[in-house]
Amino acid sequence: MPEPVTITATAVGGLLAGAILSVALQEIMVAIKESKSRCSNFRDALNSLENTINLLSPLIKEMDRLNRELEDSNKREEIIRLFLQQLKKAEALVSKCSSIRRWNLYKKRKYEKRLRNMDSSLRDLSAVLQVGQALDTQRLQRIIQDM
């Protein structure tokens with residue numbers, strides 16, 4: 001008789017977090033594509049945001065996967081949570097942009113600036129990721145030296 005599989009709360013939480021991350025990424029990409037097809041007002045800003053998300057999402061997914069494997073959720077969980085929050089804000093912002101009329105220059109400028117700020121905040125998050133990677137590398141070097 002096969003042994004029963006035990007699933008810890010940490011494993012379930014990790015799987016749930018991974019699923020939430022995947023859904024959030026899919027939703028923002030769909031929102032960006034729909035917004036780009038509806039109106040050309042924000043095409044450049046939306047392309048930039050889309051490129052940033054495309055660059056960051058594999059890194060965040062890999063970090064999430066490694067957190068689950070290593071049970072090292074304390075260090076990187078906050079970054080993943082911040083990324084998810086930014087994705088939700090970006091999705092709401094992109095949805096608002098798709099309803100702005102071409103002739104409304106005030107709102108067009110206002111929301112284009114918000115899109116650029118969102119892109120900038122996501123790029124700032126990538127800088128935090130790079131610092132974290134550098135710290136991890138130094139920790140590993142230290143561990144190897146101590147061996």
# chains A, B, ... in the order shown; residues from 1 in each chain; ligands from 1
$ closest_atom_pairs --of "stretch 78-146 of chain A" --to "stretch 21-28 of chain A" --cutoff "9 Å" --atoms "only C-alpha atoms" --output "CSV"
residue,atom,partner,partner_atom,distance
A:Ile80,CA,A:Leu21,CA,8.3
A:Phe83,CA,A:Leu21,CA,8.9
A:Leu84,CA,A:Leu21,CA,6.7
A:Leu87,CA,A:Ile28,CA,6.7
A:Lys88,CA,A:Ala24,CA,7.1
A:Ala90,CA,A:Ile28,CA,7.1
A:Glu91,CA,A:Ile28,CA,5.0
A:Ala92,CA,A:Ile28,CA,8.7
A:Val94,CA,A:Ile28,CA,8.1
$ write_last_selection --atoms "all heavy atoms" --output "PDB file, in the first residue's frame"
ATOM      1  N   ILE A  80       8.104  39.563  -3.395  1.00  0.00           N
ATOM      2  CA  ILE A  80       7.054  38.979  -4.229  1.00  0.00           C
ATOM      3  C   ILE A  80       5.714  39.642  -3.908  1.00  0.00           C
ATOM      4  O   ILE A  80       4.934  39.948  -4.813  1.00  0.00           O
ATOM      5  CB  ILE A  80       6.993  37.451  -4.031  1.00  0.00           C
ATOM      6  CG1 ILE A  80       8.280  36.821  -4.583  1.00  0.00           C
ATOM      7  CG2 ILE A  80       5.764  36.857  -4.705  1.00  0.00           C
ATOM      8  CD1 ILE A  80       8.466  35.370  -4.237  1.00  0.00           C
ATOM      9  N   PHE A  83       5.659  43.012  -5.511  1.00  0.00           N
ATOM     10  CA  PHE A  83       5.471  42.850  -6.949  1.00  0.00           C
ATOM     11  C   PHE A  83       3.998  42.595  -7.273  1.00  0.00           C
ATOM     12  O   PHE A  83       3.450  43.191  -8.207  1.00  0.00           O
ATOM     13  CB  PHE A  83       6.354  41.715  -7.463  1.00  0.00           C
ATOM     14  CG  PHE A  83       6.327  41.534  -8.954  1.00  0.00           C
ATOM     15  CD1 PHE A  83       6.869  42.497  -9.792  1.00  0.00           C
ATOM     16  CD2 PHE A  83       5.788  40.396  -9.509  1.00  0.00           C
ATOM     17  CE1 PHE A  83       6.854  42.326 -11.173  1.00  0.00           C
ATOM     18  CE2 PHE A  83       5.773  40.221 -10.875  1.00  0.00           C
ATOM     19  CZ  PHE A  83       6.308  41.183 -11.718  1.00  0.00           C
ATOM     20  N   LEU A  84       3.346  41.731  -6.495  1.00  0.00           N
ATOM     21  CA  LEU A  84       1.924  41.458  -6.707  1.00  0.00           C
ATOM     22  C   LEU A  84       1.075  42.714  -6.507  1.00  0.00           C
ATOM     23  O   LEU A  84       0.149  42.971  -7.280  1.00  0.00           O
ATOM     24  CB  LEU A  84       1.443  40.349  -5.769  1.00  0.00           C
ATOM     25  CG  LEU A  84       1.761  38.935  -6.196  1.00  0.00           C
ATOM     26  CD1 LEU A  84       1.457  37.957  -5.064  1.00  0.00           C
ATOM     27  CD2 LEU A  84       0.991  38.565  -7.442  1.00  0.00           C
ATOM     28  N   LEU A  87       1.488  44.867  -9.502  1.00  0.00           N
ATOM     29  CA  LEU A  87       0.757  44.317 -10.650  1.00  0.00           C
ATOM     30  C   LEU A  87      -0.728  44.634 -10.569  1.00  0.00           C
ATOM     31  O   LEU A  87      -1.354  44.975 -11.577  1.00  0.00           O
ATOM     32  CB  LEU A  87       0.965  42.805 -10.750  1.00  0.00           C
ATOM     33  CG  LEU A  87       2.306  42.321 -11.252  1.00  0.00           C
ATOM     34  CD1 LEU A  87       2.347  40.803 -11.260  1.00  0.00           C
ATOM     35  CD2 LEU A  87       2.608  42.861 -12.638  1.00  0.00           C
ATOM     36  N   LYS A  88      -1.294  44.540  -9.378  1.00  0.00           N
ATOM     37  CA  LYS A  88      -2.717  44.849  -9.214  1.00  0.00           C
ATOM     38  C   LYS A  88      -2.988  46.322  -9.483  1.00  0.00           C
ATOM     39  O   LYS A  88      -3.968  46.679 -10.143  1.00  0.00           O
ATOM     40  CB  LYS A  88      -3.183  44.453  -7.809  1.00  0.00           C
ATOM     41  CG  LYS A  88      -3.264  42.958  -7.619  1.00  0.00           C
ATOM     42  CD  LYS A  88      -3.632  42.586  -6.210  1.00  0.00           C
ATOM     43  CE  LYS A  88      -3.575  41.075  -6.040  1.00  0.00           C
ATOM     44  NZ  LYS A  88      -3.849  40.655  -4.675  1.00  0.00           N
ATOM     45  N   ALA A  90      -1.140  48.245 -11.363  1.00  0.00           N
ATOM     46  CA  ALA A  90      -0.910  48.447 -12.800  1.00  0.00           C
ATOM     47  C   ALA A  90      -2.120  48.005 -13.605  1.00  0.00           C
ATOM     48  O   ALA A  90      -2.518  48.685 -14.559  1.00  0.00           O
ATOM     49  CB  ALA A  90       0.337  47.684 -13.247  1.00  0.00           C
ATOM     50  N   GLU A  91      -2.715  46.896 -13.220  1.00  0.00           N
ATOM     51  CA  GLU A  91      -3.893  46.406 -13.945  1.00  0.00           C
ATOM     52  C   GLU A  91      -5.042  47.408 -13.853  1.00  0.00           C
ATOM     53  O   GLU A  91      -5.703  47.709 -14.851  1.00  0.00           O
ATOM     54  CB  GLU A  91      -4.335  45.050 -13.408  1.00  0.00           C
ATOM     55  CG  GLU A  91      -5.504  44.476 -14.178  1.00  0.00           C
ATOM     56  CD  GLU A  91      -6.006  43.174 -13.606  1.00  0.00           C
ATOM     57  OE1 GLU A  91      -5.455  42.679 -12.619  1.00  0.00           O
ATOM     58  OE2 GLU A  91      -6.991  42.664 -14.167  1.00  0.00           O
ATOM     59  N   ALA A  92      -5.273  47.946 -12.660  1.00  0.00           N
ATOM     60  CA  ALA A  92      -6.331  48.942 -12.485  1.00  0.00           C
ATOM     61  C   ALA A  92      -6.034  50.190 -13.309  1.00  0.00           C
ATOM     62  O   ALA A  92      -6.936  50.757 -13.955  1.00  0.00           O
ATOM     63  CB  ALA A  92      -6.482  49.297 -11.007  1.00  0.00           C
ATOM     64  N   VAL A  94      -4.141  50.431 -16.058  1.00  0.00           N
ATOM     65  CA  VAL A  94      -4.270  50.124 -17.487  1.00  0.00           C
ATOM     66  C   VAL A  94      -5.735  50.089 -17.890  1.00  0.00           C
ATOM     67  O   VAL A  94      -6.117  50.606 -18.951  1.00  0.00           O
ATOM     68  CB  VAL A  94      -3.558  48.794 -17.824  1.00  0.00           C
ATOM     69  CG1 VAL A  94      -3.926  48.293 -19.202  1.00  0.00           C
ATOM     70  CG2 VAL A  94      -2.052  48.954 -17.700  1.00  0.00           C
TER      71      VAL A  94
END
$ residues_around --residues "A:Ser95" --least-positions-apart "4" --cutoff "9 Å" --atoms "only C-alpha atoms" --output "list in words"
Ala31, Ile32, Glu34, Ser35, Ala90, Glu91 and Ser99 of chain A
$ write_last_selection --atoms "all heavy atoms" --output "CSV table (one decimal), in the first residue's frame"
chain,number,residue,atom,x,y,z
A,31,ALA,N,-4.8,42.8,-19.8
A,31,ALA,CA,-5.3,44.1,-19.7
A,31,ALA,C,-4.5,45.1,-20.6
A,31,ALA,O,-5.0,46.0,-21.3
A,31,ALA,CB,-5.3,44.6,-18.3
A,32,ILE,N,-3.2,44.9,-20.7
A,32,ILE,CA,-2.3,45.7,-21.5
A,32,ILE,C,-2.6,45.5,-23.0
A,32,ILE,O,-2.8,46.4,-23.7
A,32,ILE,CB,-0.8,45.4,-21.2
A,32,ILE,CG1,-0.4,46.0,-19.8
A,32,ILE,CG2,0.1,46.0,-22.3
A,32,ILE,CD1,1.0,45.6,-19.4
A,34,GLU,N,-5.4,44.4,-24.3
A,34,GLU,CA,-6.7,45.0,-24.6
A,34,GLU,C,-6.7,46.5,-24.7
A,34,GLU,O,-7.3,47.1,-25.6
A,34,GLU,CB,-7.8,44.5,-23.6
A,34,GLU,CG,-8.2,43.1,-23.7
A,34,GLU,CD,-9.2,42.7,-22.6
A,34,GLU,OE1,-9.5,43.6,-21.7
A,34,GLU,OE2,-9.5,41.5,-22.6
A,35,SER,N,-6.0,47.1,-23.8
A,35,SER,CA,-5.8,48.5,-23.8
A,35,SER,C,-5.1,49.0,-25.1
A,35,SER,O,-5.5,50.0,-25.6
A,35,SER,CB,-5.1,49.0,-22.5
A,35,SER,OG,-5.3,50.4,-22.4
A,90,ALA,N,-1.1,48.2,-11.4
A,90,ALA,CA,-0.9,48.4,-12.8
A,90,ALA,C,-2.1,48.0,-13.6
A,90,ALA,O,-2.5,48.7,-14.6
A,90,ALA,CB,0.3,47.7,-13.2
A,91,GLU,N,-2.7,46.9,-13.2
A,91,GLU,CA,-3.9,46.4,-13.9
A,91,GLU,C,-5.0,47.4,-13.9
A,91,GLU,O,-5.7,47.7,-14.9
A,91,GLU,CB,-4.3,45.1,-13.4
A,91,GLU,CG,-5.5,44.5,-14.2
A,91,GLU,CD,-6.0,43.2,-13.6
A,91,GLU,OE1,-5.5,42.7,-12.6
A,91,GLU,OE2,-7.0,42.7,-14.2
A,99,SER,N,-10.3,53.6,-21.1
A,99,SER,CA,-11.5,54.4,-21.2
A,99,SER,C,-11.3,55.9,-21.5
A,99,SER,O,-12.3,56.6,-21.6
A,99,SER,CB,-12.3,54.2,-19.9
A,99,SER,OG,-11.7,54.8,-18.8
$ closest_residue --among "A:Val30, A:Leu55, A:Leu115, A:Leu125" --to "A:Cys97" --atoms "only C-alpha atoms"
A:Leu115
$ atom_distance --atom1 "atom CA of A:Arg38" --atom2 "atom CA of A:Leu105"
16.9 Å
$ atom_distance --atom1 "atom CA of A:Pro58" --atom2 "atom CA of A:Met29"
13.7 Å
$ atom_distance --atom1 "atom CA of A:Leu93" --atom2 "atom CA of A:Lys36"
13.0 Å
$ residues_around --residues "A:Trp103" --least-positions-apart "4" --cutoff "12 Å" --atoms "only C-alpha atoms" --output "PyMOL selection string"
chain A and resi 39-41+99+107-109
$ write_last_selection --atoms "N, CA, C and O atoms" --output "mmCIF file, in the first residue's frame"
data_model
loop_
_atom_site.group_PDB
_atom_site.id
_atom_site.type_symbol
_atom_site.label_atom_id
_atom_site.label_comp_id
_atom_site.auth_asym_id
_atom_site.auth_seq_id
_atom_site.Cartn_x
_atom_site.Cartn_y
_atom_site.Cartn_z
ATOM 1 N N CYS A 39 -7.111 51.656 -27.782
ATOM 2 C CA CYS A 39 -6.717 53.050 -28.006
ATOM 3 C C CYS A 39 -5.213 53.151 -28.187
ATOM 4 O O CYS A 39 -4.451 52.393 -27.604
ATOM 5 N N SER A 40 -4.834 54.107 -29.008
ATOM 6 C CA SER A 40 -3.404 54.288 -29.274
ATOM 7 C C SER A 40 -2.811 55.408 -28.431
ATOM 8 O O SER A 40 -1.634 55.715 -28.563
ATOM 9 N N ASN A 41 -3.615 55.999 -27.559
ATOM 10 C CA ASN A 41 -3.147 57.123 -26.740
ATOM 11 C C ASN A 41 -1.910 56.794 -25.917
ATOM 12 O O ASN A 41 -1.040 57.639 -25.755
ATOM 13 N N SER A 99 -10.252 53.648 -21.088
ATOM 14 C CA SER A 99 -11.525 54.370 -21.197
ATOM 15 C C SER A 99 -11.349 55.866 -21.453
ATOM 16 O O SER A 99 -12.329 56.586 -21.593
ATOM 17 N N LYS A 107 -6.476 64.317 -19.150
ATOM 18 C CA LYS A 107 -6.438 62.952 -18.603
ATOM 19 C C LYS A 107 -5.381 62.106 -19.293
ATOM 20 O O LYS A 107 -4.754 61.254 -18.676
ATOM 21 N N LYS A 108 -5.204 62.353 -20.585
ATOM 22 C CA LYS A 108 -4.194 61.595 -21.315
ATOM 23 C C LYS A 108 -2.815 61.822 -20.700
ATOM 24 O O LYS A 108 -2.084 60.870 -20.425
ATOM 25 N N ARG A 109 -2.459 63.073 -20.459
ATOM 26 C CA ARG A 109 -1.160 63.379 -19.847
ATOM 27 C C ARG A 109 -1.075 62.824 -18.425
ATOM 28 O O ARG A 109 -0.046 62.283 -18.017
#
$ residues_around --residues "stretch 126-128 of chain A" --least-positions-apart "4" --cutoff "7 Å" --atoms "only C-alpha atoms" --output "MDAnalysis selection string"
chainID A and resid 56 122 132
$ write_last_selection --atoms "C-alpha atoms" --output "PDB file, in the first residue's frame"
ATOM      1  CA  LEU A  56      10.725  40.872 -14.331  1.00  0.00           C
ATOM      2  CA  LEU A 122       8.635  48.117 -11.273  1.00  0.00           C
ATOM      3  CA  GLY A 132      19.396  40.733  -3.143  1.00  0.00           C
TER       4      GLY A 132
END
$ closest_residue --among "A:Ala134, A:Met147, A:Gln141, A:Ser120" --to "A:Leu49" --atoms "only C-alpha atoms"
A:Ser120
